[in-house]
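The data block below is final_12.txt; it holds compact mmCIF, N, CA and C atoms.
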```
# COMPACT_ATOMS: atom_id res chain seq x y z
N MET A 1 7.13 -72.55 20.10
CA MET A 1 6.67 -71.66 21.15
C MET A 1 7.21 -70.25 20.87
N ILE A 2 6.32 -69.30 20.93
CA ILE A 2 6.69 -67.90 20.71
C ILE A 2 7.04 -67.26 22.05
N THR A 3 8.22 -66.71 22.12
CA THR A 3 8.65 -66.00 23.32
C THR A 3 8.09 -64.57 23.28
N PRO A 4 8.10 -63.87 24.41
CA PRO A 4 7.67 -62.47 24.38
C PRO A 4 8.51 -61.63 23.40
N ALA A 5 9.79 -61.92 23.30
CA ALA A 5 10.64 -61.19 22.35
C ALA A 5 10.23 -61.49 20.91
N ASP A 6 9.92 -62.76 20.64
CA ASP A 6 9.44 -63.14 19.31
C ASP A 6 8.11 -62.44 19.00
N GLN A 7 7.22 -62.40 19.98
CA GLN A 7 5.93 -61.74 19.77
C GLN A 7 6.13 -60.26 19.48
N ALA A 8 7.03 -59.63 20.21
CA ALA A 8 7.32 -58.21 19.96
C ALA A 8 7.88 -58.02 18.55
N ASP A 9 8.73 -58.94 18.12
CA ASP A 9 9.30 -58.89 16.77
C ASP A 9 8.18 -59.00 15.73
N LEU A 10 7.27 -59.95 15.92
CA LEU A 10 6.15 -60.11 15.00
C LEU A 10 5.27 -58.86 14.97
N ASP A 11 4.96 -58.32 16.14
CA ASP A 11 4.14 -57.11 16.22
C ASP A 11 4.79 -55.97 15.43
N GLN A 12 6.08 -55.80 15.64
CA GLN A 12 6.81 -54.71 14.97
C GLN A 12 6.86 -54.96 13.47
N ARG A 13 7.09 -56.19 13.06
CA ARG A 13 7.18 -56.51 11.63
C ARG A 13 5.85 -56.23 10.92
N TRP A 14 4.73 -56.61 11.55
CA TRP A 14 3.43 -56.37 10.92
C TRP A 14 3.19 -54.87 10.78
N ALA A 15 3.44 -54.13 11.83
CA ALA A 15 3.23 -52.67 11.79
C ALA A 15 4.12 -52.02 10.73
N ALA A 16 5.36 -52.45 10.65
CA ALA A 16 6.28 -51.89 9.65
C ALA A 16 5.83 -52.25 8.24
N LEU A 17 5.37 -53.48 8.05
CA LEU A 17 4.87 -53.89 6.73
C LEU A 17 3.67 -53.03 6.33
N ALA A 18 2.75 -52.83 7.24
CA ALA A 18 1.56 -52.01 6.94
C ALA A 18 1.95 -50.60 6.54
N ARG A 19 2.97 -50.05 7.20
CA ARG A 19 3.45 -48.70 6.85
C ARG A 19 4.11 -48.70 5.47
N ARG A 20 5.01 -49.66 5.24
CA ARG A 20 5.72 -49.71 3.95
C ARG A 20 4.76 -49.95 2.79
N ALA A 21 3.74 -50.76 3.02
CA ALA A 21 2.77 -51.07 1.97
C ALA A 21 1.73 -49.95 1.81
N ASN A 22 1.73 -49.02 2.75
CA ASN A 22 0.82 -47.88 2.70
C ASN A 22 -0.64 -48.32 2.71
N TRP A 23 -0.94 -49.31 3.54
CA TRP A 23 -2.31 -49.79 3.65
C TRP A 23 -3.14 -48.81 4.47
N SER A 24 -4.39 -48.68 4.10
CA SER A 24 -5.32 -47.89 4.90
C SER A 24 -6.37 -48.86 5.43
N GLY A 25 -6.93 -48.55 6.54
CA GLY A 25 -7.92 -49.45 7.11
C GLY A 25 -7.42 -50.07 8.40
N ASP A 26 -8.15 -51.04 8.86
CA ASP A 26 -7.90 -51.63 10.17
C ASP A 26 -6.87 -52.76 10.10
N THR A 27 -5.62 -52.39 9.97
CA THR A 27 -4.56 -53.40 9.90
C THR A 27 -4.44 -54.16 11.22
N ALA A 28 -4.78 -53.50 12.33
CA ALA A 28 -4.70 -54.17 13.64
C ALA A 28 -5.69 -55.33 13.73
N ALA A 29 -6.88 -55.15 13.18
CA ALA A 29 -7.87 -56.23 13.22
C ALA A 29 -7.44 -57.41 12.36
N ILE A 30 -6.83 -57.13 11.23
CA ILE A 30 -6.35 -58.20 10.37
C ILE A 30 -5.21 -58.94 11.05
N TYR A 31 -4.32 -58.19 11.68
CA TYR A 31 -3.22 -58.82 12.42
C TYR A 31 -3.78 -59.71 13.54
N ALA A 32 -4.77 -59.22 14.25
CA ALA A 32 -5.38 -60.02 15.32
C ALA A 32 -6.00 -61.30 14.75
N GLU A 33 -6.61 -61.21 13.59
CA GLU A 33 -7.20 -62.39 12.95
C GLU A 33 -6.10 -63.40 12.56
N LEU A 34 -5.01 -62.89 12.01
CA LEU A 34 -3.90 -63.77 11.64
C LEU A 34 -3.29 -64.43 12.88
N GLU A 35 -3.08 -63.64 13.92
CA GLU A 35 -2.55 -64.20 15.17
C GLU A 35 -3.44 -65.30 15.71
N ALA A 36 -4.73 -65.06 15.72
CA ALA A 36 -5.66 -66.06 16.23
C ALA A 36 -5.61 -67.33 15.39
N ALA A 37 -5.53 -67.17 14.08
CA ALA A 37 -5.46 -68.35 13.20
C ALA A 37 -4.19 -69.15 13.46
N TYR A 38 -3.05 -68.46 13.49
CA TYR A 38 -1.78 -69.15 13.68
C TYR A 38 -1.59 -69.68 15.09
N ASN A 39 -2.33 -69.14 16.05
CA ASN A 39 -2.24 -69.61 17.44
C ASN A 39 -3.28 -70.68 17.78
N ALA A 40 -4.04 -71.13 16.80
CA ALA A 40 -5.05 -72.15 17.07
C ALA A 40 -4.39 -73.37 17.71
N PRO A 41 -5.05 -73.99 18.66
CA PRO A 41 -4.44 -75.11 19.39
C PRO A 41 -4.10 -76.32 18.51
N THR A 42 -4.72 -76.42 17.36
CA THR A 42 -4.44 -77.55 16.46
C THR A 42 -3.20 -77.32 15.61
N ARG A 43 -2.61 -76.15 15.72
CA ARG A 43 -1.42 -75.83 14.91
C ARG A 43 -0.17 -76.38 15.59
N HIS A 44 0.54 -77.21 14.87
CA HIS A 44 1.80 -77.73 15.41
C HIS A 44 2.99 -77.19 14.64
N TYR A 45 2.81 -76.98 13.37
CA TYR A 45 3.90 -76.46 12.53
C TYR A 45 3.50 -75.14 11.87
N HIS A 46 2.33 -75.06 11.31
CA HIS A 46 1.87 -73.88 10.60
C HIS A 46 1.36 -72.85 11.61
N ASN A 47 2.30 -72.31 12.39
CA ASN A 47 1.97 -71.42 13.49
C ASN A 47 2.81 -70.14 13.40
N LEU A 48 2.72 -69.28 14.41
CA LEU A 48 3.47 -68.03 14.38
C LEU A 48 4.98 -68.25 14.38
N HIS A 49 5.43 -69.29 15.00
CA HIS A 49 6.87 -69.58 14.97
C HIS A 49 7.32 -69.83 13.54
N HIS A 50 6.54 -70.56 12.79
CA HIS A 50 6.83 -70.83 11.37
C HIS A 50 6.84 -69.52 10.57
N VAL A 51 5.86 -68.66 10.81
CA VAL A 51 5.81 -67.37 10.13
C VAL A 51 7.07 -66.57 10.44
N LEU A 52 7.44 -66.52 11.70
CA LEU A 52 8.63 -65.76 12.10
C LEU A 52 9.89 -66.34 11.45
N GLN A 53 10.00 -67.65 11.39
CA GLN A 53 11.15 -68.27 10.73
C GLN A 53 11.20 -67.86 9.25
N CYS A 54 10.04 -67.86 8.60
CA CYS A 54 9.99 -67.46 7.19
C CYS A 54 10.38 -65.99 7.03
N LEU A 55 9.90 -65.13 7.91
CA LEU A 55 10.25 -63.71 7.83
C LEU A 55 11.74 -63.49 8.05
N ARG A 56 12.32 -64.24 8.96
CA ARG A 56 13.76 -64.10 9.21
C ARG A 56 14.58 -64.62 8.04
N THR A 57 14.08 -65.64 7.37
CA THR A 57 14.75 -66.10 6.15
C THR A 57 14.64 -65.04 5.07
N LEU A 58 13.48 -64.41 4.96
CA LEU A 58 13.32 -63.32 3.99
C LEU A 58 14.31 -62.21 4.26
N ASP A 59 14.58 -61.90 5.52
CA ASP A 59 15.56 -60.87 5.86
C ASP A 59 16.89 -61.13 5.17
N GLU A 60 17.24 -62.40 5.05
CA GLU A 60 18.54 -62.78 4.48
C GLU A 60 18.58 -62.69 2.96
N VAL A 61 17.41 -62.76 2.32
CA VAL A 61 17.39 -62.83 0.85
C VAL A 61 16.54 -61.74 0.19
N GLN A 62 16.02 -60.81 0.97
CA GLN A 62 15.07 -59.86 0.38
C GLN A 62 15.68 -59.02 -0.73
N ASN A 63 16.99 -58.82 -0.71
CA ASN A 63 17.62 -58.05 -1.79
C ASN A 63 17.56 -58.80 -3.12
N GLN A 64 17.20 -60.07 -3.10
CA GLN A 64 17.06 -60.87 -4.31
C GLN A 64 15.61 -60.91 -4.81
N CYS A 65 14.70 -60.29 -4.07
CA CYS A 65 13.27 -60.31 -4.42
C CYS A 65 12.92 -59.12 -5.30
N THR A 66 12.12 -59.38 -6.29
CA THR A 66 11.61 -58.30 -7.13
C THR A 66 10.67 -57.40 -6.33
N ASP A 67 9.84 -58.00 -5.49
CA ASP A 67 8.88 -57.24 -4.69
C ASP A 67 8.88 -57.80 -3.27
N PRO A 68 9.83 -57.37 -2.44
CA PRO A 68 9.92 -57.93 -1.09
C PRO A 68 8.69 -57.66 -0.22
N ILE A 69 7.97 -56.58 -0.48
CA ILE A 69 6.76 -56.31 0.30
C ILE A 69 5.69 -57.35 -0.03
N ALA A 70 5.58 -57.72 -1.30
CA ALA A 70 4.61 -58.77 -1.67
C ALA A 70 5.02 -60.11 -1.08
N VAL A 71 6.30 -60.41 -1.09
CA VAL A 71 6.77 -61.68 -0.52
C VAL A 71 6.49 -61.71 0.97
N GLU A 72 6.78 -60.61 1.66
CA GLU A 72 6.52 -60.56 3.10
C GLU A 72 5.03 -60.71 3.39
N THR A 73 4.20 -60.05 2.61
CA THR A 73 2.76 -60.16 2.79
C THR A 73 2.30 -61.60 2.57
N ALA A 74 2.82 -62.23 1.53
CA ALA A 74 2.47 -63.63 1.26
C ALA A 74 2.88 -64.53 2.41
N ILE A 75 4.02 -64.26 3.01
CA ILE A 75 4.44 -65.07 4.16
C ILE A 75 3.41 -64.97 5.28
N TRP A 76 2.96 -63.76 5.56
CA TRP A 76 1.99 -63.59 6.65
C TRP A 76 0.71 -64.37 6.41
N PHE A 77 0.28 -64.47 5.15
CA PHE A 77 -1.01 -65.08 4.86
C PHE A 77 -0.92 -66.54 4.39
N HIS A 78 0.27 -67.04 4.06
CA HIS A 78 0.35 -68.30 3.30
C HIS A 78 -0.25 -69.52 4.01
N ASP A 79 -0.25 -69.55 5.31
CA ASP A 79 -0.85 -70.67 6.04
C ASP A 79 -1.96 -70.19 6.98
N ALA A 80 -2.53 -69.05 6.69
CA ALA A 80 -3.56 -68.50 7.58
C ALA A 80 -4.75 -69.44 7.71
N VAL A 81 -5.11 -70.08 6.62
CA VAL A 81 -6.17 -71.08 6.66
C VAL A 81 -5.50 -72.44 6.64
N TYR A 82 -5.73 -73.22 7.67
CA TYR A 82 -5.08 -74.52 7.73
C TYR A 82 -6.00 -75.54 8.37
N ASP A 83 -6.39 -76.49 7.57
CA ASP A 83 -7.18 -77.63 8.02
C ASP A 83 -6.51 -78.86 7.43
N PRO A 84 -5.85 -79.68 8.25
CA PRO A 84 -5.08 -80.81 7.72
C PRO A 84 -5.92 -81.82 6.94
N THR A 85 -7.23 -81.72 7.04
CA THR A 85 -8.09 -82.66 6.32
C THR A 85 -8.48 -82.15 4.93
N ARG A 86 -8.06 -80.92 4.60
CA ARG A 86 -8.46 -80.34 3.32
C ARG A 86 -7.25 -80.13 2.43
N PRO A 87 -7.43 -80.28 1.12
CA PRO A 87 -6.33 -80.09 0.18
C PRO A 87 -6.22 -78.67 -0.36
N ASP A 88 -7.11 -77.77 0.05
CA ASP A 88 -7.16 -76.44 -0.57
C ASP A 88 -6.79 -75.31 0.40
N ASN A 89 -5.95 -75.60 1.37
CA ASN A 89 -5.57 -74.57 2.35
C ASN A 89 -4.90 -73.37 1.71
N GLU A 90 -4.00 -73.60 0.77
CA GLU A 90 -3.29 -72.48 0.14
C GLU A 90 -4.27 -71.61 -0.64
N ALA A 91 -5.18 -72.23 -1.38
CA ALA A 91 -6.17 -71.45 -2.14
C ALA A 91 -7.05 -70.64 -1.20
N ARG A 92 -7.45 -71.23 -0.11
CA ARG A 92 -8.28 -70.52 0.85
C ARG A 92 -7.49 -69.40 1.54
N SER A 93 -6.22 -69.64 1.81
CA SER A 93 -5.36 -68.59 2.39
C SER A 93 -5.16 -67.46 1.39
N ALA A 94 -4.96 -67.81 0.13
CA ALA A 94 -4.78 -66.79 -0.92
C ALA A 94 -6.03 -65.94 -1.07
N ASP A 95 -7.20 -66.58 -1.01
CA ASP A 95 -8.46 -65.84 -1.10
C ASP A 95 -8.65 -64.92 0.11
N LEU A 96 -8.25 -65.38 1.29
CA LEU A 96 -8.32 -64.55 2.48
C LEU A 96 -7.43 -63.32 2.32
N ALA A 97 -6.22 -63.54 1.86
CA ALA A 97 -5.29 -62.42 1.64
C ALA A 97 -5.88 -61.43 0.65
N GLU A 98 -6.42 -61.96 -0.42
CA GLU A 98 -7.02 -61.11 -1.45
C GLU A 98 -8.12 -60.22 -0.87
N ARG A 99 -9.01 -60.79 -0.11
CA ARG A 99 -10.10 -60.01 0.50
C ARG A 99 -9.55 -58.92 1.43
N HIS A 100 -8.61 -59.30 2.29
CA HIS A 100 -8.07 -58.33 3.24
C HIS A 100 -7.27 -57.24 2.53
N LEU A 101 -6.48 -57.61 1.56
CA LEU A 101 -5.65 -56.61 0.88
C LEU A 101 -6.51 -55.62 0.10
N ARG A 102 -7.56 -56.11 -0.51
CA ARG A 102 -8.47 -55.18 -1.20
C ARG A 102 -9.12 -54.23 -0.19
N ALA A 103 -9.50 -54.76 0.97
CA ALA A 103 -10.11 -53.92 2.00
C ALA A 103 -9.13 -52.87 2.52
N LEU A 104 -7.84 -53.18 2.46
CA LEU A 104 -6.81 -52.24 2.92
C LEU A 104 -6.39 -51.25 1.83
N GLY A 105 -6.99 -51.39 0.65
CA GLY A 105 -6.69 -50.46 -0.43
C GLY A 105 -5.43 -50.78 -1.21
N ALA A 106 -4.97 -52.03 -1.12
CA ALA A 106 -3.78 -52.41 -1.88
C ALA A 106 -4.09 -52.38 -3.37
N PRO A 107 -3.12 -51.97 -4.18
CA PRO A 107 -3.34 -51.95 -5.63
C PRO A 107 -3.59 -53.37 -6.16
N GLU A 108 -4.43 -53.47 -7.16
CA GLU A 108 -4.83 -54.77 -7.70
C GLU A 108 -3.63 -55.61 -8.16
N PRO A 109 -2.63 -55.04 -8.85
CA PRO A 109 -1.49 -55.88 -9.24
C PRO A 109 -0.77 -56.49 -8.03
N PHE A 110 -0.68 -55.74 -6.94
CA PHE A 110 -0.08 -56.25 -5.71
C PHE A 110 -0.92 -57.40 -5.15
N VAL A 111 -2.24 -57.23 -5.12
CA VAL A 111 -3.14 -58.26 -4.61
C VAL A 111 -2.96 -59.55 -5.41
N VAL A 112 -2.90 -59.42 -6.73
CA VAL A 112 -2.73 -60.59 -7.60
C VAL A 112 -1.38 -61.25 -7.35
N THR A 113 -0.34 -60.46 -7.20
CA THR A 113 1.00 -61.02 -6.94
C THR A 113 1.02 -61.80 -5.64
N VAL A 114 0.46 -61.24 -4.58
CA VAL A 114 0.43 -61.93 -3.29
C VAL A 114 -0.39 -63.22 -3.40
N HIS A 115 -1.53 -63.14 -4.04
CA HIS A 115 -2.38 -64.31 -4.24
C HIS A 115 -1.59 -65.41 -4.94
N ASP A 116 -0.89 -65.05 -6.02
CA ASP A 116 -0.12 -66.04 -6.78
C ASP A 116 1.05 -66.60 -5.97
N LEU A 117 1.71 -65.75 -5.19
CA LEU A 117 2.81 -66.23 -4.36
C LEU A 117 2.32 -67.26 -3.34
N ILE A 118 1.17 -67.01 -2.76
CA ILE A 118 0.61 -67.97 -1.80
C ILE A 118 0.29 -69.28 -2.49
N LEU A 119 -0.30 -69.20 -3.67
CA LEU A 119 -0.60 -70.44 -4.42
C LEU A 119 0.67 -71.20 -4.78
N ASP A 120 1.77 -70.46 -4.95
CA ASP A 120 3.05 -71.11 -5.26
C ASP A 120 3.58 -71.97 -4.11
N THR A 121 3.00 -71.82 -2.91
CA THR A 121 3.46 -72.62 -1.77
C THR A 121 2.80 -73.99 -1.74
N ARG A 122 1.91 -74.26 -2.69
CA ARG A 122 1.28 -75.60 -2.75
C ARG A 122 2.34 -76.62 -3.12
N HIS A 123 2.33 -77.74 -2.45
CA HIS A 123 3.22 -78.85 -2.82
C HIS A 123 2.76 -80.11 -2.14
```

In structure tokens, write the structure found in this file.
Amino acid sequence: MITPADQADLDQRWAALARRANWSGDTAAIYAELEAAYNAPTRHYHNLHHVLQCLRTLDEVQNQCTDPIAVETAIWFHDAVYDPTRPDNEARSADLAERHLRALGAPEPFVVTVHDLILDTRH
């Protein structure tokens, strides 16, 4: 369950990420799409609480990351597509991230890195 304080934290983190990544375009619409996906009633684990836990873990280790902005972006998108009956959720989430990041003007190497990081969450 996401508390109002948690929601405010998520809102702030997304806005800060968009600024640090220097994205252009409608970042608010993409955030709304991610929120809607993670808040789907069928989500029990792969939800906003999970995303927030991952982001807070990143806070503890980001100095060990080669590209913390890419890692943070991958966290936001890694479970965006989730259908427990399908085996390709990570690939579909990676493709979603790729489309959105290109629309936001992210550099191609960054897009590829985020895509690959999301695929690395398959297990």

### Coordinates-based distance that separates atom CA of A:Thr3 from atom C of A:Ala16 (Å, one decimal)
20.6 Å

### Message
Would you pick out the contacts of A:Ser93 at 8 Å or less, using all atoms listed in the file, so that residues sharing its chain but fewer than 5 positions from it are not included, and give the list as a ChimeraX atom specification?
### Response
/A:77-82,88,98-99,114-115,118-119

### Message
Using only C-alpha atoms, which protein or nucleic acid residues come within 7 Å of stretch 64-76 of chain A? Drop anything in the same chain fewer than 2 positions from it, and give the result as JSON, numbers by chain.
### Response
{"A": [21, 51, 54, 55, 61, 62, 78, 110, 113, 114, 117, 118]}

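When atom CA of A:Leu58 is paired with atom CA of A:Arg19, their separation reads 17.9 Å.
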
Using only C-alpha atoms, determine which residues lie at most 8 Å from A:Val111, disregarding the query and same-chain residues fewer than 4 positions distant; provide the list as a PDB file with N, CA and C atoms, keeping the file's coordinate frame.
```
ATOM      1  N   ALA A  97      -6.220 -63.540   1.860  1.00  0.00           N
ATOM      2  CA  ALA A  97      -5.290 -62.420   1.640  1.00  0.00           C
ATOM      3  C   ALA A  97      -5.880 -61.430   0.650  1.00  0.00           C
ATOM      4  N   GLU A  98      -6.420 -61.960  -0.420  1.00  0.00           N
ATOM      5  CA  GLU A  98      -7.020 -61.110  -1.450  1.00  0.00           C
ATOM      6  C   GLU A  98      -8.120 -60.220  -0.870  1.00  0.00           C
ATOM      7  N   LEU A 101      -6.480 -57.610   1.560  1.00  0.00           N
ATOM      8  CA  LEU A 101      -5.650 -56.610   0.880  1.00  0.00           C
ATOM      9  C   LEU A 101      -6.510 -55.620   0.100  1.00  0.00           C
ATOM     10  N   ARG A 102      -7.560 -56.110  -0.510  1.00  0.00           N
ATOM     11  CA  ARG A 102      -8.470 -55.180  -1.200  1.00  0.00           C
ATOM     12  C   ARG A 102      -9.120 -54.230  -0.190  1.00  0.00           C
ATOM     13  N   ALA A 106      -4.970 -52.030  -1.120  1.00  0.00           N
ATOM     14  CA  ALA A 106      -3.780 -52.410  -1.880  1.00  0.00           C
ATOM     15  C   ALA A 106      -4.090 -52.380  -3.370  1.00  0.00           C
ATOM     16  N   PRO A 107      -3.120 -51.970  -4.180  1.00  0.00           N
ATOM     17  CA  PRO A 107      -3.340 -51.950  -5.630  1.00  0.00           C
ATOM     18  C   PRO A 107      -3.590 -53.370  -6.160  1.00  0.00           C
ATOM     19  N   HIS A 115      -1.530 -63.140  -4.040  1.00  0.00           N
ATOM     20  CA  HIS A 115      -2.380 -64.310  -4.240  1.00  0.00           C
ATOM     21  C   HIS A 115      -1.590 -65.410  -4.940  1.00  0.00           C
TER      22      HIS A 115
END
```

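Take atom N of A:Tyr45 and atom N of A:Tyr31: the distance between them is 20.2 Å.
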
### Task
Can you check which residues of chain A DSSP gives as helix (DSSP H, G or I) on the backbone and send them as a ChimeraX atom specification?
/A:4-21,27-38,48-64,68-77,89-103,108-119

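Remark: for A:Glu33, the closest of the candidate residues A:Leu96, A:Ala91, A:Leu104, A:Arg122 is A:Leu96 (distances computed over only C-alpha atoms).
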
Just need the box for stretch 11-20 of chain A, edges along x, y and z, holding every atom the file lists for it with 6 Å tacked onto each side, so centre and edge lengths in Å to one decimal, as JSON.
```
{"center_x": 4.4, "center_y": -53.5, "center_z": 9.5, "size_x": 17.6, "size_y": 21.6, "size_z": 25.4}
```

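In terms of minimum interatomic distance to A:Gly25, A:Ala103 ranks closest within A:Ala8, A:Ala103, A:Glu108, A:Asn47, counting all atoms listed in the file.
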
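Minimum atom-to-atom distances from A:His44, A:Asp11, A:Asn39, A:Leu52 to A:Pro84 were compared using only C-alpha atoms, and the lowest value belongs to A:His44.
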